[in-house]
file final.txt (compact mmCIF, C-alpha atoms and all ligand atoms)
# COMPACT_ATOMS: atom_id res chain seq x y z
CA MET A 1091 180.84 175.07 148.62
CA SER A 1092 179.72 172.43 146.06
CA THR A 1093 181.11 172.72 142.55
CA PHE A 1094 178.19 170.71 141.19
CA PRO A 1095 175.06 172.15 139.54
CA GLN A 1096 172.04 172.62 141.81
CA ILE A 1097 170.10 169.37 142.26
CA THR A 1098 166.34 169.36 142.74
CA VAL A 1099 163.85 166.52 142.58
CA PRO A 1100 160.90 167.61 140.42
CA SER A 1101 157.65 167.81 142.37
CA ASP A 1102 155.56 167.56 139.20
CA ALA A 1103 156.99 164.23 137.94
CA SER A 1104 154.11 162.52 136.15
CA SER A 1105 152.76 159.35 137.73
CA LEU A 1106 151.68 157.98 134.34
CA PRO A 1107 153.88 155.33 132.71
CA VAL A 1108 155.92 156.66 129.79
CA THR A 1109 154.78 155.00 126.56
CA LEU A 1110 155.93 155.15 122.94
CA PRO A 1111 153.14 157.63 122.04
CA ARG A 1112 154.19 159.81 124.99
CA LEU A 1113 157.80 159.82 123.75
CA LEU A 1114 156.64 160.84 120.28
CA GLU A 1115 154.46 163.52 121.82
CA LYS A 1116 157.42 164.91 123.72
CA GLN A 1117 159.43 164.92 120.51
CA ALA A 1118 156.65 166.73 118.65
CA LEU A 1119 156.32 169.31 121.42
CA GLY A 1120 160.08 169.84 121.50
CA GLU A 1121 160.27 168.68 125.13
CA PRO A 1122 163.72 167.15 125.71
CA ILE A 1123 163.55 163.43 126.48
CA VAL A 1124 165.59 162.50 129.54
CA MET A 1125 167.23 159.09 129.55
CA VAL A 1126 169.72 157.65 132.03
CA THR A 1127 171.18 154.25 132.71
CA ALA A 1128 170.41 152.16 135.79
CA TYR A 1129 171.56 148.68 136.69
CA ASP A 1130 170.01 147.63 139.98
CA TYR A 1131 167.17 148.29 142.42
CA PRO A 1132 168.60 151.35 144.24
CA SER A 1133 169.73 153.10 141.06
CA ALA A 1134 166.30 152.39 139.55
CA VAL A 1135 164.52 153.86 142.57
CA ALA A 1136 166.73 156.96 142.36
CA VAL A 1137 166.11 157.62 138.66
CA ASP A 1138 162.40 156.85 139.08
CA LYS A 1139 162.12 159.40 141.88
CA ALA A 1140 163.96 161.92 139.69
CA GLY A 1141 161.20 161.58 137.08
CA VAL A 1142 163.27 160.59 134.04
CA ASP A 1143 161.46 159.50 130.87
CA MET A 1144 163.55 156.52 129.82
CA VAL A 1145 165.89 154.14 131.62
CA LEU A 1146 168.52 152.08 129.85
CA VAL A 1147 169.96 148.99 131.43
CA GLY A 1148 173.13 149.62 129.47
CA ASP A 1149 175.79 147.05 128.82
CA SER A 1150 177.99 149.81 130.30
CA GLY A 1151 176.95 148.03 133.51
CA ALA A 1152 179.63 145.50 132.55
CA MET A 1153 182.15 148.17 133.55
CA THR A 1154 180.26 150.35 136.04
CA VAL A 1155 178.83 147.63 138.27
CA LEU A 1156 180.51 144.36 137.27
CA GLY A 1157 184.06 145.68 136.97
CA TYR A 1158 184.92 144.36 133.50
CA GLU A 1159 187.48 146.26 131.41
CA SER A 1160 184.99 146.74 128.55
CA THR A 1161 181.44 145.85 127.57
CA VAL A 1162 182.59 142.89 125.47
CA PRO A 1163 182.81 140.09 128.08
CA VAL A 1164 179.47 140.61 129.83
CA SER A 1165 177.01 137.75 129.36
CA LEU A 1166 173.33 137.87 128.52
CA ASP A 1167 172.43 136.33 131.89
CA GLU A 1168 174.45 138.97 133.74
CA ILE A 1169 172.69 141.84 131.95
CA LEU A 1170 169.31 140.16 132.41
CA MET A 1171 169.90 139.98 136.15
CA LEU A 1172 170.64 143.72 136.19
CA ALA A 1173 167.55 144.41 134.07
CA LYS A 1174 165.27 142.42 136.38
CA ALA A 1175 166.53 144.28 139.45
CA THR A 1176 166.10 147.60 137.65
CA ARG A 1177 162.53 146.74 136.63
CA ARG A 1178 161.64 146.12 140.29
CA GLY A 1179 162.69 149.67 141.18
CA LEU A 1180 160.79 151.52 138.42
CA THR A 1181 157.22 152.77 138.28
CA THR A 1182 156.87 155.13 135.32
CA PRO A 1183 159.95 155.33 133.04
CA PHE A 1184 160.11 153.47 129.73
CA LEU A 1185 162.63 150.65 130.23
CA VAL A 1186 165.12 149.69 127.52
CA GLY A 1187 167.42 146.66 127.81
CA ASP A 1188 170.76 146.71 126.01
CA LEU A 1189 171.53 143.55 124.03
CA PRO A 1190 175.07 142.53 125.00
CA PHE A 1191 177.79 141.74 122.50
CA GLY A 1192 177.36 138.22 121.10
CA SER A 1193 173.70 137.91 122.04
CA TYR A 1194 172.16 139.05 118.74
CA GLU A 1195 174.67 139.12 115.87
CA VAL A 1196 174.70 135.42 114.93
CA SER A 1197 171.22 135.14 113.41
CA ASP A 1198 167.79 136.76 113.39
CA GLU A 1199 166.58 133.85 115.50
CA GLN A 1200 169.25 134.48 118.13
CA ALA A 1201 168.38 138.20 118.17
CA VAL A 1202 164.64 137.60 118.57
CA THR A 1203 165.19 134.95 121.26
CA THR A 1204 167.43 137.32 123.21
CA ALA A 1205 165.03 140.25 122.84
CA MET A 1206 162.15 138.04 124.01
CA ARG A 1207 164.08 137.24 127.19
CA PHE A 1208 164.45 140.98 127.92
CA ALA A 1209 160.71 141.47 127.42
CA LYS A 1210 159.43 138.34 129.19
CA GLU A 1211 161.94 137.80 131.98
CA ALA A 1212 162.99 141.37 132.77
CA GLY A 1213 159.84 143.26 131.75
CA CYS A 1214 161.69 145.57 129.38
CA ASP A 1215 159.55 147.78 127.13
CA ALA A 1216 162.17 147.76 124.37
CA VAL A 1217 165.68 146.65 123.56
CA LYS A 1218 168.66 148.50 122.14
CA LEU A 1219 171.31 147.14 119.82
CA GLU A 1220 174.50 148.68 118.53
CA GLY A 1221 175.54 149.45 114.97
CA GLY A 1222 173.88 150.32 111.71
CA GLY A 1223 175.63 147.93 109.35
CA PRO A 1224 173.76 145.19 107.46
CA VAL A 1225 173.86 142.71 110.37
CA SER A 1226 172.53 145.13 113.00
CA VAL A 1227 169.87 146.44 110.61
CA ALA A 1228 168.70 142.89 109.82
CA ARG A 1229 168.55 142.00 113.53
CA ALA A 1230 166.67 145.20 114.36
CA LYS A 1231 164.16 144.39 111.61
CA ALA A 1232 163.64 140.84 112.89
CA ILE A 1233 163.08 141.99 116.48
CA VAL A 1234 160.67 144.75 115.41
CA GLN A 1235 158.74 142.23 113.32
CA ALA A 1236 158.54 139.96 116.36
CA GLY A 1237 156.74 142.78 118.15
CA ILE A 1238 159.44 144.24 120.38
CA PRO A 1239 160.37 147.92 119.98
CA VAL A 1240 164.03 148.47 119.08
CA MET A 1241 166.27 151.44 119.74
CA GLY A 1242 169.27 151.82 117.43
CA HIS A 1243 172.71 153.11 118.40
CA VAL A 1244 175.22 154.64 115.96
CA GLY A 1245 178.41 156.66 116.12
CA LEU A 1246 180.70 155.34 118.82
CA THR A 1247 179.50 151.81 119.51
CA PRO A 1248 181.55 150.48 122.44
CA GLN A 1249 180.93 146.79 121.69
CA THR A 1250 182.92 147.20 118.46
CA ALA A 1251 185.26 149.96 119.63
CA THR A 1252 188.30 147.92 118.61
CA ALA A 1253 187.10 147.81 115.01
CA LEU A 1254 186.37 151.56 115.17
CA GLY A 1255 189.93 152.30 116.25
CA GLY A 1256 189.22 152.83 119.94
CA TYR A 1257 186.87 154.87 122.12
CA LYS A 1258 186.89 158.01 120.03
CA ALA A 1259 184.44 160.34 118.36
CA GLN A 1260 182.99 159.14 115.06
CA GLY A 1261 181.72 160.92 111.95
CA ARG A 1262 184.43 163.58 111.89
CA SER A 1263 184.94 163.52 108.12
CA ALA A 1264 182.29 163.88 105.41
CA ASP A 1265 182.73 160.19 104.49
CA ALA A 1266 182.51 158.98 108.06
CA ALA A 1267 179.53 161.23 108.83
CA GLU A 1268 177.76 160.03 105.68
CA ARG A 1269 178.21 156.45 106.90
CA VAL A 1270 176.67 157.34 110.26
CA ALA A 1271 173.76 159.00 108.42
CA ARG A 1272 173.19 155.95 106.20
CA GLU A 1273 173.22 153.68 109.23
CA ALA A 1274 170.75 155.86 111.13
CA LEU A 1275 168.40 156.06 108.13
CA ALA A 1276 168.61 152.28 107.64
CA LEU A 1277 167.70 151.64 111.28
CA GLU A 1278 164.76 154.04 111.01
CA ALA A 1279 163.64 152.34 107.78
CA VAL A 1280 163.37 148.92 109.46
CA GLY A 1281 161.21 150.32 112.24
CA CYS A 1282 163.45 151.40 115.12
CA PHE A 1283 161.36 153.66 117.37
CA SER A 1284 164.34 155.78 118.43
CA ILE A 1285 168.11 155.95 118.04
CA VAL A 1286 171.13 156.83 120.16
CA PHE A 1287 173.87 159.00 118.64
CA GLU A 1288 177.09 158.57 120.61
CA ALA A 1289 180.18 160.77 120.31
CA ILE A 1290 179.63 162.47 116.97
CA PRO A 1291 180.13 166.17 116.16
CA SER A 1292 177.16 168.30 117.18
CA ALA A 1293 176.75 169.73 113.67
CA VAL A 1294 176.70 166.22 112.18
CA ALA A 1295 174.18 165.06 114.78
CA GLU A 1296 171.93 168.02 114.00
CA MET A 1297 172.10 167.40 110.25
CA ILE A 1298 171.28 163.68 110.54
CA HIS A 1299 168.61 164.39 113.16
CA ASP A 1300 166.87 166.69 110.70
CA ARG A 1301 166.65 163.85 108.17
CA LEU A 1302 165.09 161.40 110.63
CA THR A 1303 161.57 161.29 112.01
CA ILE A 1304 162.22 159.11 115.08
CA PRO A 1305 163.48 160.62 118.36
CA VAL A 1306 167.26 160.91 118.56
CA ILE A 1307 168.83 160.55 121.99
CA GLY A 1308 172.34 161.96 122.15
CA ILE A 1309 175.37 161.21 124.30
CA GLY A 1310 178.22 163.40 123.19
CA ALA A 1311 176.17 164.50 120.18
CA GLY A 1312 175.36 168.08 121.17
CA PRO A 1313 172.08 169.79 122.05
CA ASN A 1314 170.23 169.65 118.72
CA VAL A 1315 168.66 166.23 119.16
CA ASP A 1316 165.47 165.11 120.93
CA GLY A 1317 166.94 163.98 124.22
CA GLN A 1318 170.05 163.09 126.17
CA VAL A 1319 171.35 159.97 127.89
CA LEU A 1320 174.15 159.69 130.43
CA VAL A 1321 175.57 156.81 132.40
CA PHE A 1322 174.34 156.88 136.04
CA HIS A 1323 177.82 156.30 137.47
CA ASP A 1324 179.34 159.04 135.30
CA LEU A 1325 176.84 161.72 136.18
CA LEU A 1326 176.94 160.92 139.89
CA GLY A 1327 180.69 160.40 140.10
CA ILE A 1328 180.54 156.74 141.20
CA ARG A 1329 183.62 155.83 139.22
CA GLU A 1330 187.21 156.90 139.18
CA GLY A 1331 188.63 159.12 136.47
CA ARG A 1332 187.24 162.04 134.56
CA GLY A 1333 185.32 160.02 131.94
CA ALA A 1334 184.56 161.05 128.36
CA LYS A 1335 184.54 164.70 127.24
CA PHE A 1336 180.75 164.74 127.13
CA VAL A 1337 180.25 163.69 130.76
CA GLN A 1338 178.80 166.30 133.12
CA ARG A 1339 179.20 165.35 136.80
CA TYR A 1340 176.41 166.31 139.19
CA ALA A 1341 177.84 164.70 142.33
CA ASP A 1342 180.93 162.98 143.68
CA LEU A 1343 179.31 159.96 145.29
CA LEU A 1344 182.34 157.65 145.16
CA THR A 1345 184.19 160.07 147.45
CA GLU A 1346 181.12 160.38 149.68
CA MET A 1347 180.66 156.60 149.85
CA ALA A 1348 184.30 156.02 150.72
CA ALA A 1349 184.12 158.76 153.38
CA GLY A 1350 181.00 157.18 154.90
CA VAL A 1351 182.57 153.73 155.07
CA ALA A 1352 185.83 155.19 156.45
CA ALA A 1353 183.86 156.95 159.21
CA TYR A 1354 182.13 153.66 160.06
CA ALA A 1355 185.50 151.82 160.12
CA ASP A 1356 186.92 154.48 162.39
CA ASP A 1357 183.94 154.25 164.77
CA VAL A 1358 184.30 150.45 164.97
CA ARG A 1359 188.03 150.64 165.58
CA THR A 1360 187.71 153.30 168.27
CA GLY A 1361 184.69 151.71 169.98
CA ARG A 1362 182.27 154.56 169.14
CA TYR A 1363 180.08 152.09 167.23
CA PRO A 1364 177.89 150.35 168.24
CA GLY A 1365 176.55 152.58 171.02
CA PRO A 1366 173.87 151.70 173.61
CA GLU A 1367 171.20 153.04 171.26
CA HIS A 1368 172.02 150.34 168.66
CA GLY A 1369 171.58 147.37 171.03
CA TYR A 1370 168.60 145.24 172.16
CA ALA A 1371 167.58 144.97 175.83
CA ILE A 1372 166.67 141.92 177.92
CA ALA A 1373 164.78 142.03 181.23
CA PRO A 1374 167.17 141.75 184.22
CA ALA A 1375 165.32 138.65 185.52
CA GLU A 1376 165.73 136.87 182.21
CA LEU A 1377 169.39 137.74 182.15
CA ALA A 1378 169.85 136.45 185.71
CA ALA A 1379 168.11 133.19 184.78
CA LEU A 1380 170.36 132.81 181.79
CA ARG A 1381 173.43 133.45 183.93
CA GLU A 1382 172.44 130.47 186.11
CA ARG A 1383 172.34 128.24 183.06
CA ILE A 1384 175.48 129.08 181.09
O1 LIG B 1 175.51 150.94 127.61
C1 LIG B 1 175.24 152.16 127.68
O2 LIG B 1 175.28 152.77 128.76
C2 LIG B 1 174.88 152.85 126.45
C3 LIG B 1 174.68 154.33 126.53
C4 LIG B 1 175.97 155.01 126.58
C5 LIG B 1 173.84 154.83 125.43
O3 LIG B 1 174.79 152.25 125.44
call {"tool": "encode", "arguments": {"input": "final.txt", "output": "C-alpha cells"}}
result
Amino acid sequence: MSTFPQITVPSDASSLPVTLPRLLEKQALGEPIVMVTAYDYPSAVAVDKAGVDMVLVGDSGAMTVLGYESTVPVSLDEILMLAKATRRGLTTPFLVGDLPFGSYEVSDEQAVTTAMRFAKEAGCDAVKLEGGGPVSVARAKAIVQAGIPVMGHVGLTPQTATALGGYKAQGRSADAAERVAREALALEAVGCFSIVFEAIPSAVAEMIHDRLTIPVIGIGAGPNVDGQVLVFHDLLGIREGRGAKFVQRYADLLTEMAAGVAAYADDVRTGRYPGPEHGYAIAPAELAALRERI
C-alpha cells in the first residue's frame, strides 16, 4: 500500500491564464496560491495538467536537473534554457524565472538586462531575485521600473547560504526575525508583486505576513501565508535523500524510474525485448529480392 497522500488531478482546473490580478484576487479571497518549480518540457506539462497557479523555474534546477552541488555555479544561459523549455510546456500558470547568482547583483543595468532576457527570450511573466538587503532591493526596484514584475525572496536564500552560515532556518531570534521583516517590507515598498519566505519559523512568517499587503508564498514558513511552493523533484521524490524538514513527498519517482529502466535492461539482456510486436515487416518478395542483391 502507498505511504503517499492520495493524488488526484483536478477536473475543474481553469483554462484561463493566471494573471497578477487573479493572484491578488486569490489572496483577497483567502484561496491558497499553489506554486511549484519546473525546469523542462515534461515537468512543465505535468504541473500544467495539475492546475497549479504559479510555476518557478528555480535556480534549484542547478542541483535537481544539472547536478551541481549548489545553486551558485549555474549560469544565466543554463537557467534560460530551462526556462524556455518550461514555457513550451505551460498553458495557464504564471511563469516566474529565477535570476541566478551573479546575473543581477553587479548593477541595476545588469539586473534589468538579465530580467529582460527572461521576459523576451523565455517568455517569463516575472522574475524572482534573492535577498532583501540594499543591493537586492535596488535591483528589484530597477527591474520593476523597467516594467517586469519582481518576486522577492527572504529568509533562507540559497545563493548566499555560505554567508548565512549554511542551509538552515532563518529569523529564529527577535533580531534575526526583525531583519527578515525589514527586508520583506523593503521589497514590498519598491514594488515587488509577491515574496517568498523560505525556512523561517511559522509564527514569524505569520507576523510579517500580516504587515505586508502582497501575497506571501511560503516554503518552510508554515501555513499562515498566502500560498506554498515546493521543488518538483522534492515533492515527487526524484532525488536522493530526505531533503529539508519542510518537504512533503507525494511520490517516489526516482525509485520507480530506476525500476523501469532496470526492467528494460533485464528484458534486453534476456532477449524478451524487442518482441515481434515491436518490429517492422517487409513483404516476402521484397526480402527475397534483397537477398539476391546482398
Ligand atoms: O530555486 C528555487 O527552487 C527556489 C524556491 C525554493 C523558492 O527559489
call {"tool": "closest_residue", "arguments": {"input": "final.txt", "among": "A:Ala1334, A:Ile1384, A:Leu1219, A:Val1135", "to": "Ala1259 of chain A", "atoms": "only C-alpha atoms"}}
result
A:Ala1334
call {"tool": "closest_residue", "arguments": {"input": "final.txt", "among": "A:Ala1293, A:Met1153, A:Leu1106, A:Leu1326", "to": "ligand LIG 1 (chain B)", "atoms": "all atoms listed in the file"}}
result
A:Met1153
call {"tool": "closest_residue", "arguments": {"input": "final.txt", "among": "A:Glu1278, A:Glu1199, A:Glu1220, A:Glu1168", "to": "Val1306 of chain A", "atoms": "all atoms listed in the file"}}
result
A:Glu1278
call {"tool": "residues_near_point", "arguments": {"input": "final.txt", "point": "(177.8, 150.5, 113.0)", "cutoff": "7 Å", "atoms": "only C-alpha atoms", "output": "PyMOL selection string"}}
result
chain A and resi 1220-1223+1244-1245+1247+1273
call {"tool": "closest_residue", "arguments": {"input": "final.txt", "among": "A:Asp1215, A:Glu1330, A:Glu1367, A:Asp1130", "to": "Ile1238 of chain A", "atoms": "all atoms listed in the file"}}
result
A:Asp1215
call {"tool": "axis_aligned_box", "arguments": {"input": "final.txt", "around": "ligand LIG 1 (chain B)", "padding_each_side": "5 Å", "output": "AutoDock Vina command-line options"}}
result
--center_x 174.9 --center_y 153.0 --center_z 127.1 --size_x 12.1 --size_y 14.1 --size_z 13.3
call {"tool": "residues_around", "arguments": {"input": "final.txt", "residues": "Phe1336 of chain A", "least_positions_apart": "6", "cutoff": "12 Å", "atoms": "only C-alpha atoms", "output": "compact mmCIF listing (two decimals) with C-alpha atoms, in the frame of the given file"}}
result
# COMPACT_ATOMS: atom_id res chain seq x y z
CA LYS A 1258 186.89 158.01 120.03
CA ALA A 1259 184.44 160.34 118.36
CA GLU A 1288 177.09 158.57 120.61
CA ALA A 1289 180.18 160.77 120.31
CA ILE A 1290 179.63 162.47 116.97
CA PRO A 1291 180.13 166.17 116.16
CA SER A 1292 177.16 168.30 117.18
CA GLY A 1308 172.34 161.96 122.15
CA ILE A 1309 175.37 161.21 124.30
CA GLY A 1310 178.22 163.40 123.19
CA ALA A 1311 176.17 164.50 120.18
CA GLY A 1312 175.36 168.08 121.17
CA PRO A 1313 172.08 169.79 122.05
CA GLN A 1318 170.05 163.09 126.17
CA VAL A 1319 171.35 159.97 127.89
CA LEU A 1320 174.15 159.69 130.43
CA VAL A 1321 175.57 156.81 132.40
CA ASP A 1324 179.34 159.04 135.30
CA LEU A 1325 176.84 161.72 136.18
call {"tool": "closest_residue", "arguments": {"input": "final.txt", "among": "A:Cys1282, A:Val1358, A:Leu1344, A:Met1241", "to": "Val1186 of chain A", "atoms": "all atoms listed in the file"}}
result
A:Met1241
call {"tool": "atom_distance", "arguments": {"input": "final.txt", "atom1": "atom CA of Thr1303 of chain A", "atom2": "atom CA of Leu1113 of chain A"}}
result
12.4 Å
call {"tool": "closest_residue", "arguments": {"input": "final.txt", "among": "A:His1323, A:His1299, A:Arg1112, A:Lys1174", "to": "ligand LIG 1 (chain B)", "atoms": "all atoms listed in the file"}}
result
A:His1323
